[in-house]
>>> print(open('data22.cif').read())   # mmCIF, C-alpha atoms
data_target
loop_
_atom_site.label_atom_id
_atom_site.label_comp_id
_atom_site.auth_asym_id
_atom_site.auth_seq_id
_atom_site.Cartn_x
_atom_site.Cartn_y
_atom_site.Cartn_z
CA MET A 1 0.00 0.00 0.00
CA LYS A 2 1.11 3.53 -0.79
CA LYS A 3 0.58 6.24 1.80
CA LEU A 4 -1.45 9.43 1.33
CA PHE A 5 -1.29 12.57 3.46
CA ILE A 6 -3.89 15.31 2.95
CA LYS A 7 -3.65 18.66 4.71
CA THR A 8 -6.90 20.62 4.62
CA TYR A 9 -7.17 24.39 4.88
CA GLY A 10 -10.26 26.56 5.17
CA CYS A 11 -13.93 25.71 4.97
CA GLN A 12 -16.01 22.65 5.71
CA MET A 13 -16.47 22.06 2.01
CA ASN A 14 -12.72 21.50 1.77
CA VAL A 15 -13.05 18.90 4.53
CA TYR A 16 -15.66 17.12 2.42
CA ASP A 17 -13.52 17.41 -0.71
CA SER A 18 -10.46 16.02 1.09
CA ALA A 19 -12.41 12.97 2.22
CA ARG A 20 -13.66 12.39 -1.32
CA MET A 21 -10.14 12.70 -2.73
CA ALA A 22 -9.03 9.99 -0.31
CA ASP A 23 -11.93 7.83 -1.51
CA LEU A 24 -10.89 8.42 -5.13
CA LEU A 25 -7.30 7.36 -4.50
CA ALA A 26 -8.04 4.31 -2.34
CA PRO A 27 -8.54 2.03 -5.40
CA LEU A 28 -5.06 3.11 -6.58
CA GLY A 29 -3.61 1.65 -3.39
CA TYR A 30 -3.30 4.85 -1.33
CA ALA A 31 -3.99 4.46 2.39
CA PRO A 32 -4.11 7.50 4.71
CA THR A 33 -1.21 8.46 6.96
CA ASN A 34 -0.88 11.23 9.53
CA ALA A 35 2.82 11.78 8.80
CA PRO A 36 3.78 13.68 5.62
CA GLU A 37 7.36 12.40 5.82
CA ASP A 38 6.00 8.84 5.35
CA ALA A 39 3.71 9.73 2.46
CA ASP A 40 4.09 8.68 -1.16
CA MET A 41 1.67 11.45 -2.07
CA VAL A 42 0.89 14.71 -0.26
CA ILE A 43 -2.13 16.84 -1.14
CA LEU A 44 -2.57 20.37 0.16
CA ASN A 45 -6.27 21.17 -0.16
CA THR A 46 -6.14 24.94 -0.05
CA CYS A 47 -8.24 28.00 0.79
CA HIS A 48 -7.99 31.39 -0.92
CA ILE A 49 -10.37 33.42 1.24
CA ARG A 50 -7.61 35.34 3.03
CA GLU A 51 -4.08 36.27 2.02
CA LYS A 52 -2.49 34.48 4.97
CA ALA A 53 -4.15 31.22 3.91
CA ALA A 54 -2.40 31.35 0.54
CA ASP A 55 0.91 32.37 2.13
CA LYS A 56 0.76 29.32 4.40
CA VAL A 57 0.50 27.07 1.35
CA TYR A 58 3.74 28.34 -0.18
CA SER A 59 5.47 28.03 3.18
CA GLU A 60 4.27 24.45 3.52
CA LEU A 61 5.41 23.65 -0.02
CA GLY A 62 8.92 24.72 0.94
CA ARG A 63 8.93 22.19 3.78
CA LEU A 64 7.51 19.49 1.54
CA LYS A 65 10.23 20.08 -1.05
CA GLU A 66 12.82 19.22 1.60
CA LEU A 67 10.97 15.99 2.42
CA LYS A 68 10.68 15.16 -1.28
CA ASP A 69 14.42 15.72 -1.80
CA LYS A 70 15.25 13.43 1.14
CA ARG A 71 12.96 10.76 -0.26
CA ALA A 72 14.68 11.06 -3.65
CA GLU A 73 18.11 10.66 -2.01
CA ALA A 74 16.84 7.46 -0.40
CA GLY A 75 15.66 6.17 -3.77
CA SER A 76 11.91 6.71 -3.35
CA LYS A 77 9.40 9.18 -4.73
CA MET A 78 6.90 11.63 -3.30
CA LEU A 79 4.14 13.25 -5.34
CA ILE A 80 3.06 16.71 -4.25
CA ALA A 81 -0.35 18.04 -5.28
CA VAL A 82 -1.97 21.40 -4.61
CA ALA A 83 -5.76 21.25 -4.72
CA GLY A 84 -8.58 23.62 -3.81
CA CYS A 85 -9.11 27.32 -4.32
CA VAL A 86 -5.47 28.48 -4.34
CA ALA A 87 -4.87 25.92 -7.07
CA GLN A 88 -7.82 27.29 -9.03
CA ALA A 89 -6.81 30.93 -8.59
CA GLU A 90 -3.06 30.68 -9.13
CA GLY A 91 -2.70 27.61 -11.35
CA ALA A 92 0.60 27.58 -13.22
CA GLU A 93 2.01 30.24 -10.86
CA ILE A 94 2.24 27.55 -8.19
CA VAL A 95 4.43 25.35 -10.39
CA ARG A 96 6.53 28.33 -11.36
CA ARG A 97 7.16 29.30 -7.75
CA GLN A 98 7.70 25.76 -6.47
CA LYS A 99 9.11 23.23 -8.96
CA ALA A 100 8.56 20.35 -6.52
CA VAL A 101 4.80 20.49 -7.18
CA ASP A 102 3.66 17.70 -9.54
CA ILE A 103 -0.09 18.30 -9.69
CA VAL A 104 -2.28 21.39 -9.49
CA VAL A 105 -6.02 20.68 -9.45
CA GLY A 106 -8.96 23.00 -8.85
CA PRO A 107 -11.94 22.17 -6.62
CA GLN A 108 -14.15 21.24 -9.59
CA SER A 109 -11.57 18.92 -11.18
CA TYR A 110 -10.24 16.71 -8.39
CA HIS A 111 -12.17 13.72 -9.72
CA ARG A 112 -9.45 13.64 -12.41
CA LEU A 113 -6.70 12.93 -9.86
CA PRO A 114 -6.25 9.25 -10.88
CA GLU A 115 -5.76 10.30 -14.50
CA MET A 116 -3.37 13.08 -13.49
CA ILE A 117 -1.29 10.67 -11.39
CA ALA A 118 -1.09 8.36 -14.40
CA ARG A 119 0.14 11.23 -16.57
CA ILE A 120 2.89 11.98 -14.04
CA ALA A 121 3.87 8.30 -13.99
CA ARG A 122 4.21 8.38 -17.78
CA GLY A 123 6.75 11.17 -17.39
CA THR A 124 4.71 13.89 -19.06
CA GLY A 125 5.75 16.61 -16.61
CA HIS A 126 3.43 18.59 -14.35
CA ALA A 127 -0.34 18.01 -14.48
CA LEU A 128 -2.69 20.97 -14.16
CA GLU A 129 -6.51 20.95 -14.20
CA THR A 130 -8.52 24.09 -13.37
CA ASP A 131 -11.71 23.65 -15.39
CA PHE A 132 -15.26 23.90 -14.01
CA PRO A 133 -16.88 20.54 -14.95
CA VAL A 134 -19.10 20.49 -11.83
CA GLU A 135 -21.63 17.91 -12.95
CA GLU A 136 -18.91 15.62 -14.22
CA LYS A 137 -17.15 15.78 -10.86
CA PHE A 138 -20.07 14.54 -8.79
CA ASP A 139 -20.98 11.93 -11.40
CA SER A 140 -17.41 10.62 -11.24
CA LEU A 141 -17.00 10.33 -7.47
CA PRO A 142 -17.03 6.78 -6.05
CA GLU A 143 -20.18 5.65 -4.27
CA GLU A 144 -18.22 4.16 -1.40
CA MET A 145 -17.28 6.70 1.26
CA THR A 146 -14.98 6.54 4.26
CA VAL A 147 -16.75 7.48 7.49
CA SER A 148 -14.78 8.33 10.61
CA GLY A 149 -17.54 9.03 13.12
CA PRO A 150 -21.24 9.73 13.67
CA THR A 151 -21.17 13.10 11.87
CA ALA A 152 -20.45 13.87 8.23
CA PHE A 153 -20.45 16.70 5.72
CA LEU A 154 -22.42 16.38 2.49
CA THR A 155 -21.98 18.90 -0.32
CA VAL A 156 -25.32 19.71 -1.97
CA GLN A 157 -24.53 23.02 -3.69
CA GLU A 158 -21.37 24.64 -5.02
CA GLY A 159 -20.38 27.98 -6.45
CA CYS A 160 -21.76 31.46 -6.08
CA ASP A 161 -23.58 33.98 -8.28
CA LYS A 162 -23.66 36.78 -5.70
CA PHE A 163 -20.28 38.42 -6.51
CA CYS A 164 -19.69 40.14 -3.20
CA THR A 165 -16.87 42.57 -3.92
CA PHE A 166 -14.55 41.07 -1.27
CA CYS A 167 -14.96 37.40 -2.25
CA VAL A 168 -13.04 35.09 -4.59
CA VAL A 169 -15.53 32.20 -4.47
CA PRO A 170 -17.28 32.95 -7.80
CA TYR A 171 -13.86 32.86 -9.47
CA THR A 172 -12.51 29.76 -7.72
CA ARG A 173 -15.68 27.64 -7.35
CA GLY A 174 -17.64 28.88 -10.36
CA ALA A 175 -21.35 29.51 -10.82
CA GLU A 176 -24.00 28.15 -8.47
CA TYR A 177 -24.77 24.48 -9.09
CA SER A 178 -27.16 22.25 -7.13
CA ARG A 179 -26.82 18.48 -7.11
CA PRO A 180 -29.93 16.40 -7.91
CA VAL A 181 -32.01 15.28 -4.94
CA ALA A 182 -31.72 11.59 -5.85
CA GLN A 183 -27.91 11.77 -5.88
CA ILE A 184 -27.81 13.53 -2.50
CA GLU A 185 -30.32 11.11 -0.98
CA ARG A 186 -28.26 8.08 -2.09
CA GLU A 187 -25.17 9.56 -0.44
CA ALA A 188 -27.09 10.41 2.74
CA ARG A 189 -28.53 6.89 2.97
CA LYS A 190 -25.08 5.34 2.60
CA LEU A 191 -23.78 7.61 5.36
CA ALA A 192 -26.66 6.57 7.64
CA GLU A 193 -25.97 2.89 6.89
CA LYS A 194 -22.39 3.47 8.05
CA GLY A 195 -23.54 4.86 11.37
CA VAL A 196 -23.71 8.59 10.66
CA ARG A 197 -26.35 10.19 12.86
CA GLU A 198 -25.86 13.83 11.83
CA ILE A 199 -25.14 15.40 8.45
CA THR A 200 -24.28 18.98 7.64
CA LEU A 201 -25.40 20.03 4.18
CA LEU A 202 -22.76 22.21 2.57
CA GLY A 203 -22.79 24.92 -0.06
CA GLN A 204 -21.21 28.28 -0.72
CA ASN A 205 -24.81 29.51 -0.74
CA VAL A 206 -26.52 26.40 0.54
CA ASN A 207 -29.92 28.00 0.99
CA ALA A 208 -29.85 28.93 -2.71
CA TYR A 209 -30.13 25.18 -3.39
CA SER A 210 -32.43 24.47 -6.35
CA GLY A 211 -31.82 20.91 -7.47
CA ALA A 212 -33.71 18.47 -9.67
CA GLY A 213 -36.36 16.87 -7.47
CA LEU A 214 -37.78 13.37 -7.47
CA ASP A 215 -40.98 14.58 -9.14
CA GLY A 216 -39.28 16.30 -12.06
CA GLU A 217 -39.67 19.71 -10.47
CA THR A 218 -36.99 21.93 -8.97
CA TRP A 219 -36.71 21.44 -5.21
CA SER A 220 -35.68 23.97 -2.59
CA LEU A 221 -33.37 23.32 0.34
CA ALA A 222 -36.40 22.97 2.61
CA GLN A 223 -37.84 20.25 0.39
CA LEU A 224 -34.49 18.47 0.35
CA ILE A 225 -34.25 18.62 4.15
CA ARG A 226 -37.75 17.19 4.54
CA ARG A 227 -36.78 14.28 2.30
CA LEU A 228 -33.53 13.58 4.14
CA ALA A 229 -35.21 13.84 7.55
CA ALA A 230 -37.19 10.69 6.68
CA ILE A 231 -34.02 8.56 6.38
CA LYS A 232 -33.90 5.95 9.14
CA GLY A 233 -31.05 6.51 11.56
CA LEU A 234 -30.41 10.08 10.45
CA ASP A 235 -31.38 12.06 13.53
CA ARG A 236 -29.80 15.45 12.98
CA ILE A 237 -29.51 17.79 10.00
CA ARG A 238 -27.64 21.09 9.76
CA TYR A 239 -26.70 23.32 6.83
CA THR A 240 -24.14 26.01 6.10
CA THR A 241 -23.38 28.61 4.78
CA SER A 242 -26.46 30.72 4.12
CA HIS A 243 -27.03 34.07 2.44
CA PRO A 244 -29.73 36.38 3.84
CA ARG A 245 -31.14 36.85 0.34
CA ASP A 246 -31.98 33.15 0.05
CA MET A 247 -33.67 32.55 3.41
CA SER A 248 -37.03 31.54 1.95
CA ASP A 249 -40.42 31.16 3.63
CA ASP A 250 -40.40 27.37 3.32
CA LEU A 251 -36.92 27.15 4.84
CA ILE A 252 -38.00 29.26 7.81
CA ALA A 253 -41.02 26.96 8.17
CA ALA A 254 -38.70 23.96 8.08
CA HIS A 255 -36.96 25.28 11.20
CA ARG A 256 -40.37 25.31 12.88
CA ASP A 257 -41.64 21.96 11.64
CA ILE A 258 -38.75 19.52 11.18
CA GLU A 259 -37.52 18.02 14.43
CA GLU A 260 -34.32 16.71 12.83
CA LEU A 261 -33.28 20.21 11.71
CA MET A 262 -31.12 21.51 14.54
CA PRO A 263 -31.87 24.88 16.19
CA TYR A 264 -28.71 26.52 14.86
CA LEU A 265 -28.37 28.92 11.96
CA HIS A 266 -25.22 30.47 10.54
CA LEU A 267 -26.39 33.61 8.75
CA PRO A 268 -23.51 35.89 7.69
CA VAL A 269 -24.21 39.63 7.75
CA GLN A 270 -20.58 40.85 7.29
CA SER A 271 -21.35 44.46 8.31
CA GLY A 272 -24.00 46.47 10.14
CA SER A 273 -23.59 49.53 7.91
CA ASP A 274 -25.91 49.98 4.94
CA ARG A 275 -23.20 51.97 3.17
CA ILE A 276 -20.67 49.16 3.56
CA LEU A 277 -23.21 46.46 2.74
CA ASP A 278 -23.86 48.28 -0.52
CA ALA A 279 -20.12 48.58 -1.23
CA MET A 280 -19.81 44.86 -0.55
CA ASN A 281 -22.68 44.14 -2.98
CA ARG A 282 -24.43 42.10 -0.30
CA GLN A 283 -27.84 42.99 -1.78
CA HIS A 284 -29.55 43.37 1.59
CA THR A 285 -29.79 46.12 4.21
CA ARG A 286 -29.42 46.01 7.98
CA ASP A 287 -33.20 46.34 8.32
CA ASP A 288 -33.66 43.40 5.93
CA TYR A 289 -31.41 41.39 8.22
CA PHE A 290 -33.26 42.45 11.38
CA ARG A 291 -36.60 41.46 9.87
CA LEU A 292 -35.23 38.12 8.76
CA VAL A 293 -33.81 37.34 12.20
CA ASP A 294 -37.17 38.21 13.78
CA ARG A 295 -39.00 35.85 11.40
CA VAL A 296 -36.64 32.95 12.00
CA ARG A 297 -36.73 33.39 15.77
CA ALA A 298 -40.52 33.58 15.69
CA ALA A 299 -40.52 30.22 13.90
CA ARG A 300 -37.89 28.68 16.21
CA PRO A 301 -37.60 30.59 19.50
CA ASP A 302 -34.70 28.47 20.81
CA LEU A 303 -32.57 29.14 17.72
CA ALA A 304 -28.85 29.78 18.25
CA LEU A 305 -27.66 32.33 15.71
CA SER A 306 -24.13 32.63 14.32
CA SER A 307 -22.67 35.05 11.79
CA ASP A 308 -19.61 36.23 9.85
CA PHE A 309 -18.19 39.72 10.17
CA ILE A 310 -15.55 41.63 8.19
CA VAL A 311 -13.99 44.72 9.79
CA GLY A 312 -11.85 47.27 8.00
CA PHE A 313 -13.49 46.93 4.60
CA PRO A 314 -12.25 49.71 2.26
CA GLY A 315 -13.98 52.96 3.14
CA GLU A 316 -15.30 51.78 6.52
CA THR A 317 -15.56 54.79 8.84
CA ASP A 318 -15.91 54.92 12.61
CA LYS A 319 -19.65 55.46 12.07
CA ASP A 320 -19.88 52.37 9.83
CA PHE A 321 -18.10 50.29 12.45
CA ALA A 322 -20.37 51.68 15.18
CA ASP A 323 -23.34 50.51 13.09
CA THR A 324 -21.88 46.98 13.11
CA LEU A 325 -21.52 47.04 16.89
CA ALA A 326 -25.11 48.28 17.21
CA LEU A 327 -26.35 45.47 14.97
CA VAL A 328 -24.54 42.88 17.08
CA ARG A 329 -26.05 44.30 20.28
CA GLN A 330 -29.54 44.22 18.80
CA VAL A 331 -29.36 40.73 17.30
CA GLY A 332 -27.34 38.82 19.93
CA TYR A 333 -25.23 35.89 18.74
CA ALA A 334 -24.42 32.50 20.22
CA SER A 335 -21.22 32.15 18.16
CA HIS A 336 -19.36 34.03 15.46
CA PHE A 337 -16.50 34.32 12.97
CA ALA A 338 -14.91 37.77 12.70
CA PHE A 339 -11.96 38.77 10.53
CA LYS A 340 -10.03 41.76 9.29
CA TYR A 341 -10.63 42.51 5.64
CA SER A 342 -8.00 40.84 3.45
CA PRO A 343 -7.79 42.00 -0.18
CA ARG A 344 -7.95 39.12 -2.64
CA PRO A 345 -6.41 39.66 -6.09
CA GLY A 346 -8.98 40.01 -8.85
CA THR A 347 -11.87 41.08 -6.61
CA PRO A 348 -13.33 44.59 -7.02
CA ALA A 349 -12.60 45.69 -3.44
CA ALA A 350 -8.92 44.79 -3.72
CA GLY A 351 -8.31 47.86 -5.91
CA HIS A 352 -9.79 50.32 -3.42
CA LYS A 353 -7.81 52.32 -0.87
CA GLN A 354 -7.12 50.08 2.10
CA ILE A 355 -7.63 50.93 5.77
CA ASP A 356 -4.63 51.05 8.08
CA GLU A 357 -3.88 47.65 9.68
CA ASP A 358 -3.75 49.12 13.17
CA VAL A 359 -7.27 50.47 12.73
CA LYS A 360 -8.45 47.08 11.51
CA SER A 361 -6.85 45.33 14.48
CA ALA A 362 -8.38 47.72 17.02
CA ARG A 363 -11.84 47.35 15.48
CA LEU A 364 -11.55 43.56 15.35
CA GLU A 365 -10.57 43.41 19.01
CA GLU A 366 -13.52 45.58 20.03
CA LEU A 367 -15.96 43.53 17.95
CA GLN A 368 -14.66 40.20 19.20
CA THR A 369 -14.86 41.38 22.81
CA LEU A 370 -18.56 42.09 22.32
CA LEU A 371 -19.23 38.85 20.43
CA LEU A 372 -17.37 36.72 22.96
CA ALA A 373 -19.39 38.29 25.77
CA GLN A 374 -22.59 37.33 23.94
CA GLN A 375 -21.26 33.81 23.39
CA ARG A 376 -20.46 33.48 27.11
CA ASP A 377 -23.93 34.73 28.01
CA PHE A 378 -25.54 32.16 25.71
CA ASN A 379 -23.43 29.35 27.14
CA GLN A 380 -24.08 30.48 30.72
CA SER A 381 -27.81 30.33 30.02
CA CYS A 382 -27.40 26.60 29.44
CA ILE A 383 -26.23 25.82 32.99
CA GLY A 384 -28.71 23.57 34.75
CA LYS A 385 -30.57 22.83 31.53
CA THR A 386 -30.98 19.43 29.90
CA MET A 387 -30.18 18.78 26.27
CA ASP A 388 -29.44 15.95 23.88
CA VAL A 389 -25.78 15.47 22.97
CA LEU A 390 -24.41 13.39 20.11
CA PHE A 391 -21.15 11.95 21.43
CA GLU A 392 -18.50 11.94 18.69
CA LYS A 393 -15.06 11.13 20.16
CA PRO A 394 -13.21 10.17 23.35
CA GLY A 395 -12.14 12.96 25.70
CA ARG A 396 -8.75 13.51 27.27
CA LYS A 397 -9.68 11.72 30.49
CA ASP A 398 -10.46 8.02 30.86
CA GLY A 399 -14.14 7.38 30.32
CA GLN A 400 -14.78 10.91 29.07
CA ALA A 401 -16.51 11.61 25.76
CA ILE A 402 -17.01 14.78 23.72
CA GLY A 403 -20.02 15.58 21.63
CA ARG A 404 -22.16 18.39 20.25
CA SER A 405 -25.30 19.97 21.60
CA PRO A 406 -28.21 20.86 19.30
CA PHE A 407 -26.72 24.39 19.31
CA LEU A 408 -23.33 23.12 18.03
CA GLN A 409 -21.55 23.67 21.35
CA SER A 410 -18.78 21.26 22.31
CA VAL A 411 -19.89 19.24 25.35
CA HIS A 412 -17.79 16.85 27.44
CA ALA A 413 -19.11 14.39 29.99
CA GLU A 414 -17.50 11.87 32.34
CA GLY A 415 -18.47 8.21 32.09
CA ALA A 416 -19.75 8.64 28.54
CA ALA A 417 -17.07 6.75 26.57
CA HIS A 418 -19.51 3.88 25.93
CA LEU A 419 -21.92 6.30 24.24
CA LEU A 420 -19.80 7.21 21.20
CA GLY A 421 -22.04 7.46 18.17
CA GLN A 422 -25.14 7.80 20.33
CA ILE A 423 -27.40 10.67 21.38
CA HIS A 424 -27.86 10.91 25.12
CA LYS A 425 -29.50 13.40 27.44
CA VAL A 426 -27.23 15.44 29.73
CA ARG A 427 -27.47 18.23 32.27
CA VAL A 428 -25.10 21.16 31.76
CA ASP A 429 -23.06 21.77 34.92
CA ALA A 430 -20.39 24.31 33.96
CA VAL A 431 -19.15 26.54 31.16
CA PHE A 432 -15.59 26.79 29.91
CA PRO A 433 -14.26 29.22 27.24
CA ASN A 434 -14.83 26.78 24.37
CA SER A 435 -17.01 24.02 25.78
CA LEU A 436 -19.67 22.91 28.22
CA LYS A 437 -19.24 20.38 31.03
CA ALA A 438 -22.21 18.08 31.52
CA SER A 439 -23.43 15.08 33.48
CA LEU A 440 -25.24 12.12 31.99
CA LEU A 441 -28.88 11.79 32.96
CA THR A 442 -29.73 8.18 33.66
CA SER A 443 -32.81 8.50 35.88
CA PRO A 444 -35.90 7.30 33.96
CA ALA A 445 -37.74 10.47 34.94
CA LEU A 446 -34.96 12.74 33.76
CA ALA A 447 -34.17 10.73 30.67
CA SER A 448 -37.74 11.12 29.46
CA GLU A 449 -37.50 14.91 29.41
CA SER A 450 -37.33 16.60 26.05
CA ALA A 451 -34.36 18.77 25.06
CA VAL A 452 -34.62 22.21 26.58
CA ALA A 453 -35.86 25.21 24.65
CA LEU A 454 -33.51 28.03 25.55
#
>>> encode(input="data22.cif", output="structure tokens")
Amino acid sequence: MKKLFIKTYGCQMNVYDSARMADLLAPLGYAPTNAPEDADMVILNTCHIREKAADKVYSELGRLKELKDKRAEAGSKMLIAVAGCVAQAEGAEIVRRQKAVDIVVGPQSYHRLPEMIARIARGTGHALETDFPVEEKFDSLPEEMTVSGPTAFLTVQEGCDKFCTFCVVPYTRGAEYSRPVAQIEREARKLAEKGVREITLLGQNVNAYSGAGLDGETWSLAQLIRRLAAIKGLDRIRYTTSHPRDMSDDLIAAHRDIEELMPYLHLPVQSGSDRILDAMNRQHTRDDYFRLVDRVRAARPDLALSSDFIVGFPGETDKDFADTLALVRQVGYASHFAFKYSPRPGTPAAGHKQIDEDVKSARLEELQTLLLAQQRDFNQSCIGKTMDVLFEKPGRKDGQAIGRSPFLQSVHAEGAAHLLGQIHKVRVDAVFPNSLKASLLTSPALASESAVAL
């Protein structure tokens, strides 16, 4: 057996893609390894959202070149492949900058990896694929999937037609494409058969999903979720990432009606300033966002809301930033992702006058302080409550297990190691910076309680 090492950067979709690349290469004799120095092939599955992410790739390639040279001195070979969005965006530039790279493959072309490896073996030089054959990719992926636990990602939609002025996704992932319902359902059923209890449906704009339905009509994400919720053994469904523009009435109703759909919603707003939202081409206003949040919370009062924020976007004034802080205070978030604006080559905003880095850093610190306080408040509100936890992996202590609450919080409990892969009711006893501590509820009276509505 040959050994394969994959390092994954960035989003959850890259995690899904990395797993599928491993599935593709398994028939060629590649088995996974956790040590790049032992690998016959190394794949860097890259992210291009922020400048530092791309810089890390080139730094890692330098280290891999040294490993490859040592392997060559010992009389063995190492293939190095760069996949993902940096590969799509920079293509031949990667090979020019680092001659040790053998394969460059974009996120819509990785199904061609076996063919590309064969081309390298025939001595035809570097192999580069950066086309956008989306349908071909999913049609070409193997039906068998490797499952490593009770949770799994499942890509249902790719690409983006929104063209936010800060974002490279439309250029690296292509136009919006939704997989057919039947194809997704087959994959979900296979995951459930392998013991997966929770799936997260993935898409750059997942709530823009509009795939071919089982009745010949176009189905929405809500219709897809209803179909998947009927799969035996599949107890939890999540989805990410959403765009406010595509939060439809039937999807809001799904949060009210479908028990398997978890009470957690990641709904990026990016800024609380109408002026900046317009400059970002987000195609919604702060009031649009407020109204949407009110509607979703009316449908699902216990909903935990998360969001993305960008500070220091070109032209952002103190007043614009104050509007973002005011939005955060009004909405209230259970979790968040906040970043300084990072110009990406080829995007409209990259050519605008940039804000001083010190200003960006100060604003990010102030925003994160507020968001972290809200996150602590949400977690503190869980103390003493009961909730269902899906235990996913062993903890650091003997007998301990770690799982996820319905609200996506990390939860650890003593004496729960025998419950891996199962959903069990717990009582939350304490809150730590990044997790909850809980006790198992075994009393028949307690165990019959339903999960708490917060």
>>> closest_residue(input="data22.cif", among="A:His418, A:Arg119, A:Arg227, A:His336", to="Leu267 (chain A)", atoms="only C-alpha atoms")
A:His336
>>> resolve_selection(input="data22.cif", expression="the PyMOL selection byres ((chain A and resi 99) around 12)", output="ChimeraX atom specification")
/A:58,61-62,64-66,68-69,79-81,92-98,100-104,125-126
>>> write_last_selection(input="data22.cif", atoms="C-alpha atoms", output="mmCIF file, keeping the file's coordinate frame")
data_model
loop_
_atom_site.group_PDB
_atom_site.id
_atom_site.type_symbol
_atom_site.label_atom_id
_atom_site.label_comp_id
_atom_site.auth_asym_id
_atom_site.auth_seq_id
_atom_site.Cartn_x
_atom_site.Cartn_y
_atom_site.Cartn_z
ATOM 1 C CA TYR A 58 3.740 28.340 -0.180
ATOM 2 C CA LEU A 61 5.410 23.650 -0.020
ATOM 3 C CA GLY A 62 8.920 24.720 0.940
ATOM 4 C CA LEU A 64 7.510 19.490 1.540
ATOM 5 C CA LYS A 65 10.230 20.080 -1.050
ATOM 6 C CA GLU A 66 12.820 19.220 1.600
ATOM 7 C CA LYS A 68 10.680 15.160 -1.280
ATOM 8 C CA ASP A 69 14.420 15.720 -1.800
ATOM 9 C CA LEU A 79 4.140 13.250 -5.340
ATOM 10 C CA ILE A 80 3.060 16.710 -4.250
ATOM 11 C CA ALA A 81 -0.350 18.040 -5.280
ATOM 12 C CA ALA A 92 0.600 27.580 -13.220
ATOM 13 C CA GLU A 93 2.010 30.240 -10.860
ATOM 14 C CA ILE A 94 2.240 27.550 -8.190
ATOM 15 C CA VAL A 95 4.430 25.350 -10.390
ATOM 16 C CA ARG A 96 6.530 28.330 -11.360
ATOM 17 C CA ARG A 97 7.160 29.300 -7.750
ATOM 18 C CA GLN A 98 7.700 25.760 -6.470
ATOM 19 C CA ALA A 100 8.560 20.350 -6.520
ATOM 20 C CA VAL A 101 4.800 20.490 -7.180
ATOM 21 C CA ASP A 102 3.660 17.700 -9.540
ATOM 22 C CA ILE A 103 -0.090 18.300 -9.690
ATOM 23 C CA VAL A 104 -2.280 21.390 -9.490
ATOM 24 C CA GLY A 125 5.750 16.610 -16.610
ATOM 25 C CA HIS A 126 3.430 18.590 -14.350
#
>>> resolve_selection(input="data22.cif", expression="the PyMOL selection byres ((chain A and resi 292) around 10)", output="list in words")
Pro244, Arg245, Met247, Ser248, Ile252, Leu267, Arg286, Asp287, Asp288, Tyr289, Phe290, Arg291, Val293, Asp294, Arg295, Val296, Arg297 and Ala298 of chain A
>>> residues_around(input="data22.cif", residues="region 427-435 of chain A", least_positions_apart="2", cutoff="7 Å", atoms="all atoms listed in the file", output="ChimeraX atom specification")
/A:379-380,382-387,409-411,437-441
>>> resolve_selection(input="data22.cif", expression="the PyMOL selection byres ((chain A and resi 46) around 9)", output="MDAnalysis selection string")
chainID A and resid 7:10 14 44:45 47:48 53:54 57 82:87
>>> closest_residue(input="data22.cif", among="A:Leu201, A:Leu67, A:Val328, A:Met280", to="Ile184 (chain A)", atoms="all atoms listed in the file")
A:Leu201
>>> residues_around(input="data22.cif", residues="Gly395 (chain A)", least_positions_apart="6", cutoff="12 Å", atoms="only C-alpha atoms", output="ChimeraX atom specification")
/A:401-403,410-420,437
>>> residues_around(input="data22.cif", residues="Gln183 (chain A)", least_positions_apart="3", cutoff="12 Å", atoms="all atoms listed in the file", output="list in words")
Glu135, Phe138, Asp139, Ser140, Leu141, Pro142, Glu143, Leu154, Thr155, Val156, Gln157, Ser178, Arg179, Pro180, Arg186, Glu187, Ala188, Arg189, Lys190, Gly211, Ala212, Gly213, Leu214, Leu224 and Leu228 of chain A
>>> write_last_selection(input="data22.cif", atoms="C-alpha atoms", output="CSV table (one decimal), keeping the file's coordinate frame")
chain,number,residue,atom,x,y,z
A,135,GLU,CA,-21.6,17.9,-13.0
A,138,PHE,CA,-20.1,14.5,-8.8
A,139,ASP,CA,-21.0,11.9,-11.4
A,140,SER,CA,-17.4,10.6,-11.2
A,141,LEU,CA,-17.0,10.3,-7.5
A,142,PRO,CA,-17.0,6.8,-6.0
A,143,GLU,CA,-20.2,5.6,-4.3
A,154,LEU,CA,-22.4,16.4,2.5
A,155,THR,CA,-22.0,18.9,-0.3
A,156,VAL,CA,-25.3,19.7,-2.0
A,157,GLN,CA,-24.5,23.0,-3.7
A,178,SER,CA,-27.2,22.2,-7.1
A,179,ARG,CA,-26.8,18.5,-7.1
A,180,PRO,CA,-29.9,16.4,-7.9
A,186,ARG,CA,-28.3,8.1,-2.1
A,187,GLU,CA,-25.2,9.6,-0.4
A,188,ALA,CA,-27.1,10.4,2.7
A,189,ARG,CA,-28.5,6.9,3.0
A,190,LYS,CA,-25.1,5.3,2.6
A,211,GLY,CA,-31.8,20.9,-7.5
A,212,ALA,CA,-33.7,18.5,-9.7
A,213,GLY,CA,-36.4,16.9,-7.5
A,214,LEU,CA,-37.8,13.4,-7.5
A,224,LEU,CA,-34.5,18.5,0.4
A,228,LEU,CA,-33.5,13.6,4.1
>>> atom_distance(input="data22.cif", atom1="CA of Ser242 (chain A)", atom2="CA of Ser18 (chain A)")
21.9 Å
>>> closest_residue(input="data22.cif", among="A:Ala322, A:Ile199, A:Leu234, A:Cys164", to="Arg282 (chain A)", atoms="all atoms listed in the file")
A:Cys164
